[in-house]
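Below: the structure, in structure tokens.
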Amino acid sequence: MGVRLLIEFRDVSFTYAGSEQGKSIENVSLTIPEGKVTLLCGRSGCGKTTIGRVINGLVPYFYKGEITGDILLNGESILNKKVAERSGMVGSVFQNPRSQFFNVDSTSELVFGCENMQFPRDEIDKRLQETVDIFDIKELEGHSLFKMSGGEKQKIACASVSMPGPDIYVLDEPTSNLDMLSIKELSAVIMQWKAQGKTIVVADHRINYLRNVADKIILIDAGHVVWEKEADEFFSMSDEEAHAYGLRSLKESVSCKKRDSDEGKTVEDFIVKNLAFKYEDGTGIYVKDLRIPLGSIIGIVGENGAGKSTLVRCLCGLQKSSGSFYMGDKRLSQKQLLKESYLVMQDVNHQLFTESVDEEIRISIPKEKKAEQDEAVNRLLGDMDLSQFGRLHPMSLSGGQKQRVAVATALASDKKMLFFDEPTSGLDYEHMKEFSERLRAVRAAGATPVVITHDIELIALCCDHLILVSDGRVQWSGRCDEAALKKLEEHFESKSFRKNKAKGAKMKKQKSPAARIWELGESGHRQIISSVILAIFGVLAGIVPFVMASKILTMLISEQRDFNAYLPYIVIGLAGYLLNTFLYVGALGISHKATFKILKEIREKILAKLPKLPLGTMMEMQSGKLKTTIVDQVEGMEITLAHMFPEITSNVCGFFAIWIYMFVVDWRLALLAMIPLPVGMALMFASMAGYGENYAKSVEINTAMNESLIEYTGGIEVIKAYNQGNESYATLKDRCNANASFFYGWMNRCKTNIYAFIVMAATLITVCPFGWIFYQKGSLSLEKFLTIIVLSICVMGPILAIFDFVDQMAKMGTIVGNVDAILNAKEQDHIAEDDGKESGNDIELKDVGFAYNENQDAVLKGVSLRIPEGSKTALVGPSGSGKSTIAKLIAGFWDADTGSISFGGKDTRDIALNKLYDKISYVSQDNFLFDDTIMENIRMGNLKASDEEVIACAKASGCDEFISKLENAYQTRVGGGGAHISGGERQRIAIARAMLKDAPIVILDEATAYIDPENEALIQESVAKLVKGKTLIVIAHRLSTITDSDQIVLVHDGKIEAVGKQDELLKTSPLYKSMWEKHIGTREEVVA
Amino acid sequence: MNMPESGTEEVLINFDPRTKLLLLIVVNTVIISDSGSPVIWWLKIAFVILVFLLLLDMKKIKMSILYVVIYALAMLGDHILVSGSINGMSMGGLVLRIVVYLIERMLPSVMLAWFVLHSTKVSEFIAAMQKMHLPQTLTIPFAVIFRFFPTISDEYSSIQDAMKMRDIRFGTGIGRGIEYRMVPLLVSVTKIGDELSAAAMTRGLTTDTKRTSYCSVGFHASDAAAFAMMIAGSVLFVTGLIWG
């Protein structure tokens, strides 16, 4: 019974060929259960990797050596099976993402295994689709693996390995290069495999991510199995016990182990100001002001791809960047940076050049100190524990020893700052600890060690100062203490959350507006293409008159007097001109038609999208803005769109056509004529360089002016009454002046732009003198010279015409952005038709996370809550704590980003939206009244209700009284948002509406917040009637109104702080107590 | 970083690897040839433009323009030398001659090689070689070499960085300089090669079985056009050689 054993090692021993250390594993007998996760752990070099290799066959078929014993799979020996034969059964993931990919792009890599195993194409296709879905890597498909972050690479590795569907997965130190976030994702992948019934073997130093994942743990030491433990027993070990076995921490979070006394002494600061660096794709890093205290141990952390490595390369002076660097007061140039700092790379092999360790250190010692060279070498060898290796070749040392040599060389050359790139990846506990000691030694030697790392344990062990890098910015920098570590954890949590939200949107952004419009206007493609073709012919025809003109000119100069000789050229030229006009008009006609079609399609797409948007998003989008986008902005695209495609393409073709013709006539002059083009372009780019910043600045200045204008006009009463006219007017005047002078200055700076145009058009500057020389020397005929002159006059026209579109393209970009913001907005993911089964109304939130915007922080972070049917639940908490958001998520305005919300055990996503809305009445503080009669406004709650029912509800909610006083009673129109009734009355109408709807769940979102005491009593009364026998969720600031709740939920900072009844909370929660006391206090004041 | 772009961008032209091979042979032969024939001169210009268009198709706009501009300057330089405005035997003239010669003979070939390398996926290459019935023992090492170019350039730039930080330049002698670069490069490349082979083996790559291919390799219209162009080019080239 129980678990089947899949893999069995019987007395396996193995010695690597040529190894001097003897057997790598010796008499290992162990079993690996099927469908479970087995973790192999132990010190570095204990043999766990070898055991993994025995399973996938790399030992002994790739790594040769002597193997004894037997390994069985399902009871059969597989020792004779080669690696490739086992590849269908065993999938392997390795530690180094650089060297486990055979291909350059991800799709090839995904299908690689299946191709090798001769799967038919259809099957590969099917599996590819499935795998992409399961691993959620749609956006990584087809991209270069060399450009992915470590986490993404490892994800592709896992996905590729699982494509052929092996039963066993062997992972060899898969987390070595991963950040906290990616490690979490990896553990999710392992869980997925486990759920599919696969058997997983992980050999790793990091262990804590496998808590709740691993089932069986096997400790290996010096090639022997020490013990096997079940997960419960293993993970209940204390960290001290684990460390004793050479294992890393088992806990999910670590605490700061550093003692204060041990902290370094800051001599001076290394200061970085306004460092900026841009990658090719436009993203980059920017550091405004960073201080690194020299003499401390510095840690640089951040997710994979955050820009840590680039930042460090800039700090070392390896990467050119703009910015200024100071050591204390002394400013450092890039060269000096390079002199003061040293980077110990992840692959130390790159930086050891010579034949012996001794020599390696010797060549690093600066010339001035050559005298005490020997002494210095010996001292450093001793310091770095390398004395016995002095004569050895650096490459023959182990990884850790090489690292020490690199550190010694850096110290030898008196470097002030030593950067380490991921120095502890793949180190066991002892080696990591040893490394931290080494960092202290470096600090003691007077240099400042800076470590880029994902290893939180290392940070906790020895860092004095921490720098958190995220998205190319320094997010935080400060002393490394308990609070800092906590901050790190929170950062990664919110990062993981945002990542989930941003998924999918990521790849779409990079398209140019033209490409995006092309995509949007699918139906117009054929017409646009035909208009483009027409336009090209048109431009070609347009060249004809110029060519003819040059012919005529030549004839004039050769004093041809017979008019008949000119006639054919004149006619052809004229024909060309007419054809050009005709084709151009035709092309524009077609493209305009196509444009209207495209615009129609874009509008239709937007309209089709709107109903799918979450209710909350719709409410947030101001209807004005929506209208502007759909109607005005889309309309604004028309002219650009209709002209852009045909004109740009035909102008490009025209330019090349003329130029090639020139080239054929005389290639030397054709080349010379092009000289002004790059010059003009350079000028143009120079004037465009600051465009983005200037634009941002202009917006800022404009806003400032508008603000003071509004202040001035809005506050005119006060200004006049207190006679502040002059002063206020002065501010306004200043800001108007600032605005004007900014734009004036900007335009002034843009003058180069105009020069650019002039220069570009000045082809004659080069053509005329050189042409003259060639003509004089006889290598150019007069006829050709004249032709070239005429052609060079018209060659630049098309290019200049293209530049006109550049500006318009920028405008299009904004519009397309707005359109895409709607089209790509997240849809609510509910099934359209549910199974009709009635679910209960017990509401349950499990681990709900939510942010309003992918760029914002999470509003809710893991909220879990139960609201039983028929109970009264109050959500309380400081403003902005997220209580309203909880209510809105329950009401289905949005879907939760993470976690789930269920009604009676049924996930809301499985409930059709209209059913969900039926369940809930939502009354907020600000209720919309339609421009209709009161009767109809109340009837909105239930369109089938009769007049009598409406009136009954109105009576019950205390509306009847004021309604009957109105001129037309129930038939009174409450126009324009219901402007002529008071807030309290409006509230009561809303309550009547909710009452009529008779939904089983009622949510009151601060429904009584801003009502005067008289109305409040009335409303309280009507609310009481409304909620009888229903599930009630109240959000309230006035705590006195909710003391009778079945449960009070205290929300604080997106999390649930406490749940309980009034008296319980007063006892248990200090926050609630203080809120209550404040509330009572203000009430007493009011009463008094 | 200098990394292949293959598969990441939408390109218009997608040649079969065999077509690219033909392109390499014909274009290089013509470009490197030294003949005063006007036919061949025009052929060269046509090929220079062809390479430019191929680069443009890879969306390497800056690079392609730079390439054409440099080539055009070399052409002008050549012209100046031929016209005799600068004495070809003077010091400046000699330097100019060498530079012009190198650019005219090498640059288009180098750019074409870059294009081939960066537009071919490893798996496409293997598939095409398989279609040509080349043995796997030959194909796979070639495929590995393909995969290795970006790795080598990556490793090399790391080593270069390391030298900068140690302030070691060619100052220590050319022999030393080469040794200092080659030893670490060889060490890390062998290491990566080893790991890569191990990974590929566990993914079922062997030399004795045929693979299926997911990417479609085959001749399309663009290949036919390229072939026609190359054949026409070859014919013109031969005519040019014979009749001048």
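Naming works like this for the structure tokens: A, B, ... for the chains as they're shown, residue 1 at the start of each chain, ligands 1 onward in shown order.
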
Using only C-alpha atoms, find each residue of chain B with at least one atom at most 7 Å away from an atom of chain A; report its shortest atom-to-atom pair and that distance in Å (one decimal), sort the rows by chain and rising residue number, and return the result as a tab-separated table.
residue	atom	partner	partner_atom	distance
B:Met3	CA	A:Phe146	CA	6.8
B:Glu5	CA	A:Ser144	CA	6.6
B:Ser6	CA	A:Asp105	CA	7.0
B:Gly7	CA	A:Gly142	CA	5.6
B:Thr8	CA	A:His143	CA	4.9
B:Ala72	CA	A:Leu671	CA	6.8
B:Lys121	CA	A:Val104	CA	7.0
B:Val122	CA	A:Asn103	CA	5.9
B:Ser123	CA	A:Ser108	CA	6.5
B:Arg147	CA	A:Asn103	CA	6.6
B:Ser158	CA	A:His350	CA	6.5
B:Ile159	CA	A:His350	CA	5.0
B:Asp161	CA	A:Leu318	CA	6.6
B:Ala162	CA	A:Gln351	CA	5.2
B:Met165	CA	A:Leu338	CA	5.9
B:Arg166	CA	A:Ser364	CA	6.7
B:Tyr180	CA	A:Phe353	CA	4.8
B:Val183	CA	A:Phe353	CA	6.8
B:Pro184	CA	A:His350	CA	5.3
B:Leu185	CA	A:His350	CA	7.0
B:Ser188	CA	A:Asn349	CA	6.4
B:Ile192	CA	A:Ser99	CA	5.4
B:Glu195	CA	A:Ser99	CA	5.8
B:Leu196	CA	A:Ser99	CA	4.9
B:Ala198	CA	A:Phe62	CA	6.8
B:Ala199	CA	A:Gln100	CA	5.3
B:Ala200	CA	A:Phe102	CA	6.6
B:Met201	CA	A:Ala84	CA	5.8
B:Thr202	CA	A:Ser87	CA	5.2
B:Arg203	CA	A:Gly113	CA	4.9
B:Gly204	CA	A:Ala84	CA	4.2
B:Leu205	CA	A:Asn116	CA	5.4
B:Thr206	CA	A:Ala84	CA	6.6
B:Arg211	CA	A:Asn116	CA	4.8
B:Thr212	CA	A:Glu115	CA	4.7
B:Ser213	CA	A:Glu115	CA	5.6
B:Tyr214	CA	A:Arg121	CA	5.9

Keeping only N, CA and C atoms, write those residues as an mmCIF file, in the first residue's frame.
data_model
loop_
_atom_site.group_PDB
_atom_site.id
_atom_site.type_symbol
_atom_site.label_atom_id
_atom_site.label_comp_id
_atom_site.auth_asym_id
_atom_site.auth_seq_id
_atom_site.Cartn_x
_atom_site.Cartn_y
_atom_site.Cartn_z
ATOM 1 N N MET B 3 23.581 40.566 -29.535
ATOM 2 C CA MET B 3 22.838 39.305 -29.519
ATOM 3 C C MET B 3 22.009 39.120 -30.778
ATOM 4 N N GLU B 5 18.987 38.537 -33.201
ATOM 5 C CA GLU B 5 17.630 39.043 -33.095
ATOM 6 C C GLU B 5 16.624 38.029 -33.612
ATOM 7 N N SER B 6 17.132 36.916 -34.082
ATOM 8 C CA SER B 6 16.256 36.035 -34.851
ATOM 9 C C SER B 6 14.979 35.725 -34.101
ATOM 10 N N GLY B 7 13.912 35.793 -34.829
ATOM 11 C CA GLY B 7 12.632 35.402 -34.269
ATOM 12 C C GLY B 7 11.996 36.473 -33.424
ATOM 13 N N THR B 8 12.692 37.545 -33.124
ATOM 14 C CA THR B 8 12.091 38.509 -32.241
ATOM 15 C C THR B 8 11.408 39.636 -33.014
ATOM 16 N N ALA B 72 30.002 54.216 -49.564
ATOM 17 C CA ALA B 72 29.976 55.304 -50.545
ATOM 18 C C ALA B 72 31.221 56.162 -50.426
ATOM 19 N N LYS B 121 17.896 30.753 -37.343
ATOM 20 C CA LYS B 121 17.759 30.066 -36.071
ATOM 21 C C LYS B 121 18.544 28.773 -36.149
ATOM 22 N N VAL B 122 19.035 28.356 -34.969
ATOM 23 C CA VAL B 122 19.809 27.123 -34.935
ATOM 24 C C VAL B 122 18.987 25.979 -35.518
ATOM 25 N N SER B 123 17.717 25.918 -35.134
ATOM 26 C CA SER B 123 16.906 24.784 -35.562
ATOM 27 C C SER B 123 16.645 24.831 -37.066
ATOM 28 N N ARG B 147 25.502 28.647 -32.262
ATOM 29 C CA ARG B 147 25.021 29.018 -30.947
ATOM 30 C C ARG B 147 26.122 29.719 -30.167
ATOM 31 N N SER B 158 33.298 40.351 -21.286
ATOM 32 C CA SER B 158 33.534 40.260 -19.841
ATOM 33 C C SER B 158 35.022 40.294 -19.536
ATOM 34 N N ILE B 159 35.774 39.541 -20.324
ATOM 35 C CA ILE B 159 37.224 39.502 -20.095
ATOM 36 C C ILE B 159 37.830 40.880 -20.335
ATOM 37 N N ASP B 161 36.395 43.673 -19.919
ATOM 38 C CA ASP B 161 36.075 44.471 -18.732
ATOM 39 C C ASP B 161 37.054 44.178 -17.611
ATOM 40 N N ALA B 162 37.294 42.893 -17.402
ATOM 41 C CA ALA B 162 38.185 42.499 -16.316
ATOM 42 C C ALA B 162 39.570 43.111 -16.515
ATOM 43 N N MET B 165 39.671 46.761 -15.613
ATOM 44 C CA MET B 165 39.715 47.020 -14.187
ATOM 45 C C MET B 165 41.088 46.738 -13.592
ATOM 46 N N ARG B 166 41.780 45.764 -14.191
ATOM 47 C CA ARG B 166 43.122 45.459 -13.697
ATOM 48 C C ARG B 166 44.136 46.371 -14.344
ATOM 49 N N TYR B 180 46.661 36.559 -22.147
ATOM 50 C CA TYR B 180 45.770 36.975 -21.078
ATOM 51 C C TYR B 180 44.310 36.918 -21.515
ATOM 52 N N VAL B 183 43.398 32.617 -22.600
ATOM 53 C CA VAL B 183 43.294 31.571 -21.587
ATOM 54 C C VAL B 183 41.935 31.592 -20.877
ATOM 55 N N PRO B 184 41.561 32.748 -20.307
ATOM 56 C CA PRO B 184 40.241 32.741 -19.652
ATOM 57 C C PRO B 184 39.104 32.477 -20.638
ATOM 58 N N LEU B 185 39.247 32.969 -21.858
ATOM 59 C CA LEU B 185 38.179 32.763 -22.836
ATOM 60 C C LEU B 185 38.013 31.272 -23.099
ATOM 61 N N SER B 188 36.425 29.493 -20.049
ATOM 62 C CA SER B 188 34.989 29.643 -19.823
ATOM 63 C C SER B 188 34.185 29.090 -20.990
ATOM 64 N N ILE B 192 31.283 26.317 -20.647
ATOM 65 C CA ILE B 192 29.917 26.485 -21.146
ATOM 66 C C ILE B 192 29.604 25.398 -22.162
ATOM 67 N N GLU B 195 28.733 22.210 -20.354
ATOM 68 C CA GLU B 195 27.407 22.251 -19.744
ATOM 69 C C GLU B 195 26.325 22.193 -20.812
ATOM 70 N N LEU B 196 26.598 22.890 -21.918
ATOM 71 C CA LEU B 196 25.626 22.933 -23.009
ATOM 72 C C LEU B 196 25.425 21.540 -23.592
ATOM 73 N N ALA B 198 25.911 18.709 -22.113
ATOM 74 C CA ALA B 198 25.198 17.879 -21.147
ATOM 75 C C ALA B 198 23.713 18.171 -21.226
ATOM 76 N N ALA B 199 23.365 19.470 -21.252
ATOM 77 C CA ALA B 199 21.946 19.846 -21.292
ATOM 78 C C ALA B 199 21.305 19.321 -22.566
ATOM 79 N N ALA B 200 22.016 19.463 -23.708
ATOM 80 C CA ALA B 200 21.441 19.029 -24.975
ATOM 81 C C ALA B 200 21.225 17.517 -24.978
ATOM 82 N N MET B 201 22.155 16.783 -24.350
ATOM 83 C CA MET B 201 21.989 15.326 -24.310
ATOM 84 C C MET B 201 20.755 14.929 -23.518
ATOM 85 N N THR B 202 20.557 15.600 -22.389
ATOM 86 C CA THR B 202 19.372 15.233 -21.606
ATOM 87 C C THR B 202 18.093 15.622 -22.336
ATOM 88 N N ARG B 203 18.214 16.457 -23.349
ATOM 89 C CA ARG B 203 17.033 16.810 -24.133
ATOM 90 C C ARG B 203 16.913 15.899 -25.352
ATOM 91 N N GLY B 204 17.729 14.846 -25.384
ATOM 92 C CA GLY B 204 17.557 13.824 -26.412
ATOM 93 C C GLY B 204 18.292 14.101 -27.700
ATOM 94 N N LEU B 205 19.280 14.995 -27.684
ATOM 95 C CA LEU B 205 20.022 15.255 -28.919
ATOM 96 C C LEU B 205 21.101 14.192 -29.092
ATOM 97 N N THR B 206 21.014 13.437 -30.183
ATOM 98 C CA THR B 206 22.057 12.466 -30.470
ATOM 99 C C THR B 206 22.462 12.628 -31.922
ATOM 100 N N ARG B 211 16.054 14.102 -36.601
ATOM 101 C CA ARG B 211 15.126 14.883 -35.794
ATOM 102 C C ARG B 211 13.943 15.280 -36.663
ATOM 103 N N THR B 212 12.803 15.508 -36.010
ATOM 104 C CA THR B 212 11.737 16.171 -36.757
ATOM 105 C C THR B 212 12.015 17.653 -36.635
ATOM 106 N N SER B 213 11.360 18.453 -37.449
ATOM 107 C CA SER B 213 11.638 19.865 -37.352
ATOM 108 C C SER B 213 10.344 20.641 -37.218
ATOM 109 N N TYR B 214 10.320 21.515 -36.210
ATOM 110 C CA TYR B 214 9.095 22.274 -35.985
ATOM 111 C C TYR B 214 9.003 23.465 -36.935
#

Self-check item: Contacts of Lys861 (chain A) within 7 Å, only C-alpha atoms, excl. fewer than 3 positions in-chain, as a list of chain:residue names
Solution: A:Val848, A:Gly849, A:Phe850, A:Ala858, A:Gly1054, A:Lys1055

Contacts of Ile207 (chain A) at 8 Å or less, counting only C-alpha atoms, minus same-chain residues fewer than 3 places along, as a PDB file with N, CA and C atoms, in the first residue's frame?
ATOM      1  N   ASP A 204      19.416  21.112  -4.112  1.00  0.00           N
ATOM      2  CA  ASP A 204      19.577  22.564  -4.004  1.00  0.00           C
ATOM      3  C   ASP A 204      20.123  22.963  -2.638  1.00  0.00           C
ATOM      4  N   LEU A 210      10.973  25.321  -0.597  1.00  0.00           N
ATOM      5  CA  LEU A 210      10.324  24.026  -0.771  1.00  0.00           C
ATOM      6  C   LEU A 210       9.477  23.625   0.438  1.00  0.00           C
ATOM      7  N   ARG A 211       9.449  24.490   1.430  1.00  0.00           N
ATOM      8  CA  ARG A 211       8.523  24.280   2.540  1.00  0.00           C
ATOM      9  C   ARG A 211       7.121  24.168   1.947  1.00  0.00           C
ATOM     10  N   ARG A 248      21.216  25.643   4.570  1.00  0.00           N
ATOM     11  CA  ARG A 248      20.725  27.007   4.674  1.00  0.00           C
ATOM     12  C   ARG A 248      19.473  27.029   5.530  1.00  0.00           C
ATOM     13  N   SER A 249      18.988  28.240   5.785  1.00  0.00           N
ATOM     14  CA  SER A 249      17.839  28.421   6.668  1.00  0.00           C
ATOM     15  C   SER A 249      16.605  27.716   6.107  1.00  0.00           C
ATOM     16  N   LEU A 250      15.791  27.172   7.008  1.00  0.00           N
ATOM     17  CA  LEU A 250      14.560  26.504   6.587  1.00  0.00           C
ATOM     18  C   LEU A 250      13.374  27.456   6.659  1.00  0.00           C
TER      19      LEU A 250
END

Quiz item: Which parts of region 7-206 of chain B does DSSP call helix (DSSP H, G or I) when run on the backbone here, written out as a ChimeraX atom specification?
Solution: /B:17-32,38-57,61-83,91-119,122-131,136-166,170-172,174-202

Exercise. Looking only at strand (DSSP E or B) from DSSP on the backbone, list the matching residues of region 849-949 of chain A as a ChimeraX atom specification.
Key: /A:849-850,860-867,872-876,898-903,906-907,920-924,932-933

Self-check item: Test item: residues at most 9 Å from Asp842 (chain A), only C-alpha atoms, excluding those fewer than 4 positions along its chain, as a PyMOL selection string
Solution: chain A and resi 866-870+902-905+1031
